[in-house]
$ cat work_29.cif   # mmCIF, C-alpha atoms
data_structure
#
loop_
_atom_site.label_atom_id
_atom_site.label_comp_id
_atom_site.auth_asym_id
_atom_site.auth_seq_id
_atom_site.Cartn_x
_atom_site.Cartn_y
_atom_site.Cartn_z
CA MET W 1 -10.88 -23.31 -14.29
CA LYS W 2 -12.12 -26.89 -13.91
CA LYS W 3 -14.79 -27.77 -11.36
CA TRP W 4 -12.39 -29.56 -9.04
CA GLY W 5 -10.21 -26.47 -8.97
CA ILE W 6 -13.19 -24.35 -7.96
CA TYR W 7 -14.12 -26.92 -5.30
CA GLY W 8 -10.58 -26.61 -3.96
CA LEU W 9 -10.95 -22.82 -3.78
CA LEU W 10 -14.24 -23.22 -1.91
CA ILE W 11 -12.62 -25.55 0.64
CA PHE W 12 -9.88 -22.93 1.12
CA VAL W 13 -12.50 -20.22 1.72
CA MET W 14 -14.37 -22.36 4.25
CA LEU W 15 -11.07 -23.04 6.04
CA ALA W 16 -10.33 -19.30 6.10
CA TRP W 17 -13.80 -18.48 7.40
CA GLY W 18 -13.70 -21.24 10.01
CA LEU W 19 -10.28 -20.15 11.27
CA ASN W 20 -11.45 -16.53 11.26
CA THR W 21 -13.58 -17.35 14.30
CA ILE W 22 -10.37 -18.24 16.14
CA MET W 23 -8.65 -15.09 14.87
CA MET W 24 -11.59 -12.94 15.97
CA LYS W 25 -11.42 -14.45 19.46
CA VAL W 26 -7.73 -13.49 19.62
CA LEU W 27 -8.39 -9.96 18.32
CA VAL W 28 -11.22 -9.07 20.72
CA ALA W 29 -9.00 -10.23 23.59
CA ASN W 30 -6.33 -7.68 22.58
CA PHE W 31 -8.31 -4.73 21.16
CA MET W 32 -11.59 -3.00 21.90
CA PRO W 33 -13.96 -4.91 19.59
CA LEU W 34 -15.76 -2.15 17.65
CA THR W 35 -12.66 -0.02 17.02
CA MET W 36 -10.67 -3.06 15.94
CA THR W 37 -13.51 -4.16 13.64
CA ALA W 38 -13.74 -0.75 11.96
CA PHE W 39 -10.03 -0.83 11.05
CA ARG W 40 -10.16 -4.52 10.09
CA ILE W 41 -13.05 -3.91 7.67
CA LEU W 42 -11.28 -0.83 6.25
CA LEU W 43 -8.20 -2.94 5.48
CA ALA W 44 -10.46 -5.56 3.87
CA ALA W 45 -12.06 -2.85 1.70
CA VAL W 46 -8.66 -1.55 0.57
CA THR W 47 -7.59 -5.11 -0.28
CA VAL W 48 -10.76 -5.73 -2.32
CA PHE W 49 -10.32 -2.51 -4.31
CA ILE W 50 -6.65 -3.26 -5.03
CA ILE W 51 -7.68 -6.63 -6.48
CA LEU W 52 -10.62 -5.15 -8.42
CA PHE W 53 -8.43 -2.37 -9.86
CA ALA W 54 -6.01 -5.06 -11.08
CA LEU W 55 -8.95 -6.89 -12.70
CA GLY W 56 -10.33 -3.70 -14.23
CA LYS W 57 -13.66 -4.09 -12.40
CA VAL W 58 -13.88 -0.73 -10.61
CA ARG W 59 -16.41 1.85 -11.82
CA ARG W 60 -18.67 4.56 -10.43
CA LEU W 61 -22.09 3.55 -9.17
CA THR W 62 -25.45 4.96 -10.19
CA LYS W 63 -27.74 6.59 -7.62
CA LYS W 64 -29.96 3.49 -7.58
CA GLU W 65 -26.93 1.23 -7.03
CA TRP W 66 -25.71 3.45 -4.19
CA LYS W 67 -29.08 3.00 -2.46
CA TYR W 68 -28.67 -0.77 -2.54
CA VAL W 69 -25.04 -0.52 -1.41
CA ALA W 70 -25.93 1.76 1.50
CA ALA W 71 -28.83 -0.43 2.65
CA ALA W 72 -26.90 -3.70 2.27
CA SER W 73 -23.87 -2.21 4.02
CA MET W 74 -25.95 -1.36 7.10
CA PHE W 75 -26.89 -5.03 7.46
CA ASN W 76 -23.99 -6.94 5.85
CA VAL W 77 -21.18 -4.88 7.36
CA VAL W 78 -22.40 -2.61 10.17
CA GLY W 79 -25.06 -4.83 11.74
CA HIS W 80 -23.25 -8.09 11.08
CA HIS W 81 -19.83 -7.03 12.34
CA TYR W 82 -21.22 -4.94 15.23
CA PHE W 83 -22.97 -7.93 16.78
CA LEU W 84 -20.17 -10.29 15.74
CA SER W 85 -17.43 -8.30 17.48
CA LEU W 86 -19.49 -7.99 20.67
CA GLY W 87 -20.57 -11.63 20.54
CA PHE W 88 -17.00 -12.91 20.42
CA THR W 89 -16.29 -11.21 23.75
CA GLY W 90 -18.97 -13.34 25.42
CA THR W 91 -18.74 -16.80 23.86
CA SER W 92 -16.20 -19.38 22.75
CA ALA W 93 -14.83 -19.57 19.21
CA SER W 94 -16.30 -23.05 18.81
CA SER W 95 -19.85 -21.98 19.70
CA ALA W 96 -19.61 -18.85 17.55
CA GLY W 97 -18.43 -20.90 14.58
CA LEU W 98 -21.35 -23.30 14.94
CA VAL W 99 -23.93 -20.50 15.16
CA LEU W 100 -22.39 -18.81 12.11
CA GLY W 101 -22.90 -22.10 10.26
CA THR W 102 -26.64 -21.37 10.10
CA GLY W 103 -26.04 -18.65 7.49
CA PRO W 104 -27.34 -20.61 4.45
CA LEU W 105 -30.41 -21.68 6.46
CA LEU W 106 -31.29 -18.12 7.42
CA THR W 107 -30.67 -16.94 3.85
CA ALA W 108 -33.15 -19.55 2.61
CA ILE W 109 -35.76 -18.31 5.10
CA MET W 110 -35.21 -14.69 4.00
CA ALA W 111 -35.61 -15.76 0.37
CA MET W 112 -38.95 -17.40 1.19
CA VAL W 113 -40.21 -14.33 3.03
CA PHE W 114 -38.94 -11.53 0.78
CA LEU W 115 -38.32 -13.13 -2.63
CA GLY W 116 -41.20 -15.59 -2.74
CA ALA W 117 -38.96 -18.68 -2.86
CA ARG W 118 -40.91 -21.94 -2.68
CA ALA W 119 -41.16 -23.70 0.69
CA THR W 120 -40.79 -27.48 0.43
CA TRP W 121 -40.92 -30.31 2.98
CA PHE W 122 -37.13 -30.63 2.65
CA LYS W 123 -36.67 -26.97 3.59
CA THR W 124 -39.23 -27.04 6.40
CA ILE W 125 -37.63 -30.08 8.05
CA GLY W 126 -34.18 -28.52 7.56
CA ILE W 127 -35.25 -25.26 9.23
CA ILE W 128 -36.60 -27.15 12.25
CA LEU W 129 -33.43 -29.25 12.56
CA GLY W 130 -31.14 -26.24 12.12
CA PHE W 131 -32.78 -24.10 14.78
CA THR W 132 -32.96 -27.03 17.16
CA GLY W 133 -29.18 -27.29 16.77
CA VAL W 134 -28.73 -23.57 17.44
CA THR W 135 -30.85 -23.90 20.59
CA PHE W 136 -28.62 -26.75 21.81
CA ILE W 137 -25.57 -24.51 21.43
CA MET W 138 -27.12 -21.38 22.95
CA LEU W 139 -28.35 -23.27 26.00
CA LYS W 140 -25.07 -25.02 26.69
CA SER W 141 -22.99 -24.36 29.75
CA SER W 142 -20.29 -26.98 30.18
CA GLY W 143 -22.66 -29.44 28.56
CA ASP W 144 -25.65 -28.60 30.77
CA VAL W 145 -28.75 -26.59 29.90
CA SER W 146 -28.74 -23.51 32.13
CA GLY W 147 -29.83 -20.48 30.10
CA PHE W 148 -29.02 -18.56 26.95
CA SER W 149 -25.49 -17.33 26.32
CA LEU W 150 -25.60 -13.61 25.45
CA GLY W 151 -22.54 -13.95 23.24
CA ASP W 152 -24.17 -16.71 21.19
CA VAL W 153 -27.35 -14.62 20.84
CA GLN W 154 -25.29 -11.67 19.56
CA VAL W 155 -23.50 -13.91 17.05
CA PHE W 156 -26.90 -15.22 15.93
CA LEU W 157 -28.15 -11.63 15.42
CA ALA W 158 -25.01 -11.00 13.35
CA ILE W 159 -25.81 -13.84 10.97
CA VAL W 160 -29.48 -12.76 10.77
CA ALA W 161 -28.37 -9.28 9.67
CA GLN W 162 -26.02 -10.77 7.09
CA ALA W 163 -28.69 -13.13 5.74
CA PHE W 164 -31.11 -10.23 5.21
CA SER W 165 -28.41 -8.29 3.37
CA TYR W 166 -28.16 -11.08 0.78
CA ILE W 167 -31.73 -10.23 -0.29
CA LEU W 168 -30.62 -6.67 -1.06
CA ILE W 169 -27.47 -7.93 -2.80
CA LYS W 170 -29.61 -10.26 -4.92
CA LYS W 171 -31.80 -7.34 -6.01
CA ALA W 172 -28.75 -5.25 -6.96
CA ALA W 173 -26.98 -8.09 -8.80
CA ASP W 174 -28.85 -7.41 -12.06
CA THR W 175 -26.66 -4.39 -12.81
CA LEU W 176 -23.91 -4.47 -10.17
CA ASP W 177 -21.07 -7.00 -9.93
CA PRO W 178 -21.32 -8.54 -6.40
CA ARG W 179 -17.53 -8.28 -6.03
CA LEU W 180 -17.60 -4.53 -6.66
CA MET W 181 -20.61 -4.18 -4.41
CA THR W 182 -18.65 -5.99 -1.69
CA GLY W 183 -15.84 -3.45 -1.92
CA TYR W 184 -18.13 -0.43 -1.64
CA MET W 185 -20.10 -2.04 1.21
CA LEU W 186 -16.92 -2.71 3.17
CA LEU W 187 -15.66 0.84 2.62
CA LEU W 188 -18.93 2.50 3.66
CA GLY W 189 -19.49 0.07 6.54
CA SER W 190 -16.03 0.62 7.99
CA ALA W 191 -16.67 4.38 8.13
CA VAL W 192 -19.99 3.92 9.96
CA LEU W 193 -18.46 1.40 12.38
CA PHE W 194 -15.63 3.84 13.14
CA VAL W 195 -18.14 6.58 14.05
CA ILE W 196 -20.02 4.13 16.29
CA SER W 197 -16.75 3.05 17.94
CA LEU W 198 -15.85 6.66 18.77
CA ILE W 199 -19.10 6.93 20.73
CA ALA W 200 -19.22 3.44 22.27
CA GLU W 201 -15.47 3.06 22.91
CA PRO W 202 -13.88 6.45 23.79
CA ASN W 203 -10.56 4.70 24.49
CA GLY W 204 -10.75 2.47 21.45
CA LEU W 205 -7.95 4.14 19.49
CA SER W 206 -5.52 3.86 22.38
CA SER W 207 -6.30 0.12 22.61
CA MET W 208 -4.88 -0.31 19.10
CA THR W 209 -1.35 0.66 20.14
CA GLY W 210 -0.25 -2.00 22.64
CA ALA W 211 -0.56 -5.26 20.70
CA THR W 212 2.37 -7.53 19.91
CA ALA W 213 3.56 -8.33 16.39
CA ASP W 214 1.90 -11.74 16.28
CA VAL W 215 -1.49 -10.19 17.11
CA TRP W 216 -1.06 -7.73 14.24
CA VAL W 217 -0.29 -10.65 11.91
CA VAL W 218 -3.61 -12.21 12.96
CA PHE W 219 -5.32 -8.84 12.34
CA VAL W 220 -3.91 -8.59 8.79
CA LEU W 221 -4.72 -12.22 7.94
CA SER W 222 -8.29 -11.86 9.20
CA ALA W 223 -8.88 -8.70 7.15
CA THR W 224 -7.13 -9.61 3.92
CA VAL W 225 -7.47 -13.40 3.61
CA SER W 226 -10.68 -14.27 5.45
CA THR W 227 -12.78 -11.18 4.79
CA ALA W 228 -11.50 -9.70 1.53
CA ILE W 229 -10.11 -12.59 -0.52
CA GLY W 230 -12.55 -15.10 0.98
CA HIS W 231 -15.62 -13.18 -0.18
CA LEU W 232 -14.16 -12.46 -3.62
CA ILE W 233 -13.39 -16.15 -4.22
CA TYR W 234 -16.81 -17.26 -2.94
CA ASN W 235 -18.60 -14.81 -5.26
CA TYR W 236 -16.46 -16.06 -8.16
CA ALA W 237 -17.35 -19.68 -7.33
CA VAL W 238 -21.07 -18.89 -7.22
CA GLY W 239 -20.80 -17.50 -10.74
CA LYS W 240 -19.01 -20.63 -11.98
CA VAL W 241 -20.75 -23.58 -10.28
CA GLY W 242 -23.96 -21.97 -9.02
CA ALA W 243 -25.31 -20.95 -5.64
CA ALA W 244 -26.63 -24.43 -4.80
CA GLU W 245 -23.31 -26.27 -5.08
CA SER W 246 -21.40 -23.42 -3.43
CA ALA W 247 -23.80 -23.31 -0.47
CA ILE W 248 -23.20 -26.99 0.32
CA PHE W 249 -19.55 -26.17 1.04
CA MET W 250 -20.67 -23.77 3.81
CA ASN W 251 -21.06 -26.84 6.00
CA PHE W 252 -17.26 -27.04 6.29
CA THR W 253 -17.07 -23.66 8.07
CA PRO W 254 -18.39 -24.79 11.49
CA PHE W 255 -16.30 -27.96 11.18
CA PHE W 256 -13.09 -26.00 10.67
CA ALA W 257 -14.12 -23.63 13.49
CA LEU W 258 -14.57 -26.57 15.87
CA VAL W 259 -11.28 -28.22 14.96
CA GLY W 260 -9.39 -24.92 15.07
CA SER W 261 -10.80 -23.90 18.45
CA VAL W 262 -9.64 -27.22 19.94
CA LEU W 263 -6.17 -27.30 18.33
CA LEU W 264 -5.30 -23.59 18.52
CA LEU W 265 -7.20 -22.29 21.55
CA GLY W 266 -7.44 -25.46 23.62
CA GLU W 267 -11.21 -25.17 23.97
CA THR W 268 -13.24 -28.18 25.12
CA ILE W 269 -16.09 -29.38 22.90
CA THR W 270 -19.24 -30.38 24.79
CA LEU W 271 -21.85 -32.98 23.87
CA ALA W 272 -24.37 -30.17 23.38
CA GLN W 273 -22.07 -28.58 20.79
CA ILE W 274 -21.55 -31.87 18.95
CA GLY W 275 -25.30 -32.51 18.88
CA GLY W 276 -25.97 -28.96 17.74
CA PHE W 277 -23.30 -29.25 15.04
CA LEU W 278 -24.86 -32.40 13.57
CA LEU W 279 -28.35 -30.89 13.61
CA ILE W 280 -27.12 -27.68 11.95
CA ILE W 281 -25.34 -29.64 9.22
CA MET W 282 -28.49 -31.63 8.44
CA GLY W 283 -30.57 -28.48 8.68
CA VAL W 284 -28.40 -26.51 6.27
CA LEU W 285 -28.26 -29.35 3.73
CA LEU W 286 -32.05 -29.64 3.71
CA GLY W 287 -33.21 -26.15 4.60
CA SER W 288 -30.96 -24.14 2.29
CA GLY W 289 -32.22 -26.09 -0.72
CA GLY W 290 -28.61 -26.88 -1.60
CA LEU W 291 -28.98 -30.67 -1.39
CA GLU W 292 -32.34 -30.58 -3.16
CA ASP W 293 -30.99 -28.45 -6.01
CA TRP W 294 -27.85 -30.56 -6.27
CA LEU W 295 -29.90 -33.76 -6.56
CA ARG W 296 -32.06 -32.10 -9.21
CA GLN W 297 -28.97 -31.03 -11.16
CA ARG W 298 -27.52 -34.54 -10.94
CA ARG W 299 -30.74 -36.06 -12.29
CA GLN W 300 -30.80 -33.55 -15.13
CA GLN W 301 -27.19 -34.32 -16.00
CA GLN W 302 -27.91 -38.06 -16.03
CA ILE W 303 -30.88 -37.51 -18.35
CA GLU W 304 -28.74 -35.41 -20.69
CA VAL W 305 -26.04 -38.11 -20.74
CA GLN W 306 -28.61 -40.78 -21.58
CA ILE W 307 -30.07 -38.64 -24.37
CA ALA W 308 -26.59 -38.02 -25.75
CA LYS W 309 -25.83 -41.77 -25.75
CA ARG W 310 -29.05 -42.59 -27.55
CA SER W 311 -28.54 -39.87 -30.17
CA GLY W 312 -24.92 -40.97 -30.64
#
$ encode --input "work_29.cif" --output "structure tokens"
Amino acid sequence: MKKWGIYGLLIFVMLAWGLNTIMMKVLVANFMPLTMTAFRILLAAVTVFIILFALGKVRRLTKKEWKYVAAASMFNVVGHHYFLSLGFTGTSASSAGLVLGTGPLLTAIMAMVFLGARATWFKTIGIILGFTGVTFIMLKSSGDVSGFSLGDVQVFLAIVAQAFSYILIKKAADTLDPRLMTGYMLLLGSAVLFVISLIAEPNGLSSMTGATADVWVVFVLSATVSTAIGHLIYNYAVGKVGAAESAIFMNFTPFFALVGSVLLLGETITLAQIGGFLLIIMGVLLGSGGLEDWLRQRRQQQIEVQIAKRSG
């Protein structure tokens, strides 16, 4: 597939992930959050395995690979979706989407701490800008600073857990296809979340019986398109164009979340959210290393073109 085709797929994924914040807001309003999340992740896991079976990518894991899958699942699926489902009950879809937009920034910080990635001035400035933007959003209350929103804090903890899981996924990627790892993580994580939901939400199963057909359509779309297909396409794109170029597209996710929350949910965007959004975008571009790597790749390509012209 040509690069522009892959870029188109990445835009589609960012749209799906941005709109998933709106879908999650709808779902937690109709179901108990943890029980709903357990079943939503289970459906995503089944979808991933159906696709992987069709591609001939399914195999048994080694004991060492299972250790990485189990550890990553606790952060990427259980921790991430536990805090995410609770967070959506206490914040707006627009704010949640903006906080989720810090994912690449947090991943870069985790890489510096645990993988020894180099800290540059670009990254340092980006981290400061990004977290300033998150603070703007967390402190908003109808545009005024009045205290932290618990829902936003829970969404932030969700993205912290997910960012740490990427370190474990990176370590396992030498022998394990990230797409297959995603399937096993979703399957294991959904089982753990279901056990937690039985304890935390005794009436959770009964809450899954009274929804209307349109809510179930949202449930299926969130699980299959946003979670399952979205992650598979993103992992494919990383393998084709690289992590740096793919990460830059993550900036579209909070944008689509903002637009969707206004058009579909009728939410009002505050000045604090707009300011936070702009700071997060600048922070992710600089702090994730995506812009820096992209500029480096562009310079290298220009040098190669010049060398080719001279030799020709």
$ residues_around --input "work_29.cif" --residues "stretch 29-33 of chain W" --least-positions-apart "2" --cutoff "8 Å" --atoms "all atoms listed in the file" --output "number ranges by chain"
W: 25-27, 35-37, 85-86, 89, 201, 204, 207-208, 211, 215
$ residues_around --input "work_29.cif" --residues "W:Ile41" --least-positions-apart "4" --cutoff "8 Å" --atoms "all atoms listed in the file" --output "PDB file with C-alpha atoms, in the frame of the given file"
ATOM      1  CA  THR W  37     -13.510  -4.160  13.640  1.00  0.00           C
ATOM      2  CA  ALA W  45     -12.060  -2.850   1.700  1.00  0.00           C
ATOM      3  CA  LEU W 186     -16.920  -2.710   3.170  1.00  0.00           C
ATOM      4  CA  LEU W 187     -15.660   0.840   2.620  1.00  0.00           C
ATOM      5  CA  GLY W 189     -19.490   0.070   6.540  1.00  0.00           C
ATOM      6  CA  SER W 190     -16.030   0.620   7.990  1.00  0.00           C
ATOM      7  CA  ALA W 223      -8.880  -8.700   7.150  1.00  0.00           C
ATOM      8  CA  THR W 227     -12.780 -11.180   4.790  1.00  0.00           C
TER       9      THR W 227
END
$ resolve_selection --input "work_29.cif" --expression "the PyMOL selection byres ((chain W and resi 79) around 10)" --output "PyMOL selection string"
chain W and resi 72-78+80-84+157-162+165+189+193
$ atom_distance --input "work_29.cif" --atom1 "atom CA of W:Arg296" --atom2 "atom CA of W:Trp17"
28.2 Å
$ residues_around --input "work_29.cif" --residues "W:His231" --least-positions-apart "6" --cutoff "10 Å" --atoms "all atoms listed in the file" --output "ChimeraX atom specification"
/W:13,17,48,178-179,182-183,225,237
$ residues_around --input "work_29.cif" --residues "W:Gly260" --least-positions-apart "6" --cutoff "10 Å" --atoms "all atoms listed in the file" --output "PyMOL selection string"
chain W and resi 15+18-23+93-94+97+254+266-267
$ resolve_selection --input "work_29.cif" --expression "the PyMOL selection byres ((chain W and resi 224) around 9)" --output "mmCIF file with C-alpha atoms, keeping the file's coordinate frame"
data_model
loop_
_atom_site.group_PDB
_atom_site.id
_atom_site.type_symbol
_atom_site.label_atom_id
_atom_site.label_comp_id
_atom_site.auth_asym_id
_atom_site.auth_seq_id
_atom_site.Cartn_x
_atom_site.Cartn_y
_atom_site.Cartn_z
ATOM 1 C CA ARG W 40 -10.160 -4.520 10.090
ATOM 2 C CA LEU W 43 -8.200 -2.940 5.480
ATOM 3 C CA ALA W 44 -10.460 -5.560 3.870
ATOM 4 C CA ALA W 45 -12.060 -2.850 1.700
ATOM 5 C CA VAL W 46 -8.660 -1.550 0.570
ATOM 6 C CA THR W 47 -7.590 -5.110 -0.280
ATOM 7 C CA VAL W 48 -10.760 -5.730 -2.320
ATOM 8 C CA PHE W 219 -5.320 -8.840 12.340
ATOM 9 C CA VAL W 220 -3.910 -8.590 8.790
ATOM 10 C CA LEU W 221 -4.720 -12.220 7.940
ATOM 11 C CA SER W 222 -8.290 -11.860 9.200
ATOM 12 C CA ALA W 223 -8.880 -8.700 7.150
ATOM 13 C CA VAL W 225 -7.470 -13.400 3.610
ATOM 14 C CA SER W 226 -10.680 -14.270 5.450
ATOM 15 C CA THR W 227 -12.780 -11.180 4.790
ATOM 16 C CA ALA W 228 -11.500 -9.700 1.530
ATOM 17 C CA ILE W 229 -10.110 -12.590 -0.520
ATOM 18 C CA GLY W 230 -12.550 -15.100 0.980
#
$ closest_residue --input "work_29.cif" --among "W:Ile167, W:Gly87, W:Ile6, W:Leu198" --to "W:Met112" --atoms "all atoms listed in the file"
W:Ile167
$ atom_distance --input "work_29.cif" --atom1 "atom CA of W:Gly103" --atom2 "atom CA of W:Trp66"
25.0 Å
$ residues_near_point --input "work_29.cif" --point "(-36.0, -25.7, 8.2)" --cutoff "12 Å" --atoms "only C-alpha atoms" --output "VMD selection string"
chain W and resid 102 104 to 110 112 119 to 134 279 to 289
$ closest_residue --input "work_29.cif" --among "W:Gly5, W:Leu34, W:Arg299, W:Phe277" --to "W:Asn203" --atoms "all atoms listed in the file"
W:Leu34
$ atom_distance --input "work_29.cif" --atom1 "atom CA of W:Ala163" --atom2 "atom CA of W:Met185"
14.7 Å
$ closest_residue --input "work_29.cif" --among "W:Val155, W:Ala16, W:Ile11, W:Met181" --to "W:Glu65" --atoms "only C-alpha atoms"
W:Met181
$ closest_residue --input "work_29.cif" --among "W:Val99, W:Arg118, W:Val69, W:Lys57" --to "W:Leu258" --atoms "only C-alpha atoms"
W:Val99
$ closest_residue --input "work_29.cif" --among "W:Phe39, W:Phe252, W:Tyr7, W:Trp216" --to "W:Phe194" --atoms "all atoms listed in the file"
W:Phe39
$ decode --input "work_29.cif" --residues "stretch 103-126 of chain W" --atoms "N, CA and C atoms" --output "JSON list (two decimals), in the first residue's frame"
[["chain", "number", "residue", "atom", "x", "y", "z"],
["W", 103, "GLY", "N", -1.41, 10.78, 25.29],
["W", 103, "GLY", "CA", -0.82, 9.44, 25.22],
["W", 103, "GLY", "C", 0.60, 9.39, 24.67],
["W", 104, "PRO", "N", 0.86, 9.96, 23.47],
["W", 104, "PRO", "CA", 2.23, 9.93, 22.93],
["W", 104, "PRO", "C", 3.24, 10.63, 23.84],
["W", 105, "LEU", "N", 2.81, 11.67, 24.52],
["W", 105, "LEU", "CA", 3.70, 12.42, 25.42],
["W", 105, "LEU", "C", 4.10, 11.55, 26.61],
["W", 106, "LEU", "N", 3.12, 10.88, 27.21],
["W", 106, "LEU", "CA", 3.40, 10.01, 28.34],
["W", 106, "LEU", "C", 4.23, 8.81, 27.92],
["W", 107, "THR", "N", 3.98, 8.29, 26.71],
["W", 107, "THR", "CA", 4.78, 7.17, 26.21],
["W", 107, "THR", "C", 6.24, 7.57, 26.06],
["W", 108, "ALA", "N", 6.48, 8.80, 25.59],
["W", 108, "ALA", "CA", 7.84, 9.30, 25.45],
["W", 108, "ALA", "C", 8.53, 9.40, 26.80],
["W", 109, "ILE", "N", 7.80, 9.85, 27.82],
["W", 109, "ILE", "CA", 8.37, 9.95, 29.17],
["W", 109, "ILE", "C", 8.72, 8.56, 29.70],
["W", 110, "MET", "N", 7.82, 7.59, 29.50],
["W", 110, "MET", "CA", 8.08, 6.22, 29.94],
["W", 110, "MET", "C", 9.31, 5.65, 29.24],
["W", 111, "ALA", "N", 9.46, 5.96, 27.96],
["W", 111, "ALA", "CA", 10.62, 5.48, 27.21],
["W", 111, "ALA", "C", 11.92, 6.06, 27.76],
["W", 112, "MET", "N", 11.88, 7.32, 28.18],
["W", 112, "MET", "CA", 13.06, 7.94, 28.78],
["W", 112, "MET", "C", 13.42, 7.28, 30.10],
["W", 113, "VAL", "N", 12.41, 6.99, 30.90],
["W", 113, "VAL", "CA", 12.63, 6.44, 32.25],
["W", 113, "VAL", "C", 13.03, 4.97, 32.21],
["W", 114, "PHE", "N", 12.34, 4.17, 31.39],
["W", 114, "PHE", "CA", 12.53, 2.73, 31.45],
["W", 114, "PHE", "C", 13.36, 2.15, 30.31],
["W", 115, "LEU", "N", 13.44, 2.86, 29.17],
["W", 115, "LEU", "CA", 14.18, 2.34, 28.03],
["W", 115, "LEU", "C", 15.44, 3.14, 27.73],
["W", 116, "GLY", "N", 15.70, 4.18, 28.51],
["W", 116, "GLY", "CA", 16.91, 4.97, 28.31],
["W", 116, "GLY", "C", 16.87, 5.86, 27.09],
["W", 117, "ALA", "N", 15.66, 6.21, 26.61],
["W", 117, "ALA", "CA", 15.57, 7.10, 25.45],
["W", 117, "ALA", "C", 16.16, 8.47, 25.79],
["W", 118, "ARG", "N", 16.76, 9.12, 24.80],
["W", 118, "ARG", "CA", 17.47, 10.37, 25.01],
["W", 118, "ARG", "C", 16.48, 11.53, 25.23],
["W", 119, "ALA", "N", 16.76, 12.33, 26.25],
["W", 119, "ALA", "CA", 15.97, 13.53, 26.52],
["W", 119, "ALA", "C", 16.60, 14.72, 25.80],
["W", 120, "THR", "N", 15.82, 15.41, 24.98],
["W", 120, "THR", "CA", 16.31, 16.57, 24.25],
["W", 120, "THR", "C", 15.54, 17.81, 24.71],
["W", 121, "TRP", "N", 16.03, 19.00, 24.26],
["W", 121, "TRP", "CA", 15.33, 20.23, 24.60],
["W", 121, "TRP", "C", 13.92, 20.24, 23.99],
["W", 122, "PHE", "N", 13.81, 19.70, 22.77],
["W", 122, "PHE", "CA", 12.50, 19.59, 22.12],
["W", 122, "PHE", "C", 11.53, 18.84, 23.03],
["W", 123, "LYS", "N", 11.96, 17.66, 23.51],
["W", 123, "LYS", "CA", 11.11, 16.82, 24.33],
["W", 123, "LYS", "C", 10.79, 17.47, 25.67],
["W", 124, "THR", "N", 11.79, 18.10, 26.28],
["W", 124, "THR", "CA", 11.58, 18.74, 27.58],
["W", 124, "THR", "C", 10.54, 19.86, 27.49],
["W", 125, "ILE", "N", 10.69, 20.72, 26.47],
["W", 125, "ILE", "CA", 9.73, 21.80, 26.27],
["W", 125, "ILE", "C", 8.34, 21.23, 25.98],
["W", 126, "GLY", "N", 8.30, 20.18, 25.16],
["W", 126, "GLY", "CA", 7.02, 19.55, 24.82],
["W", 126, "GLY", "C", 6.32, 18.98, 26.04]]
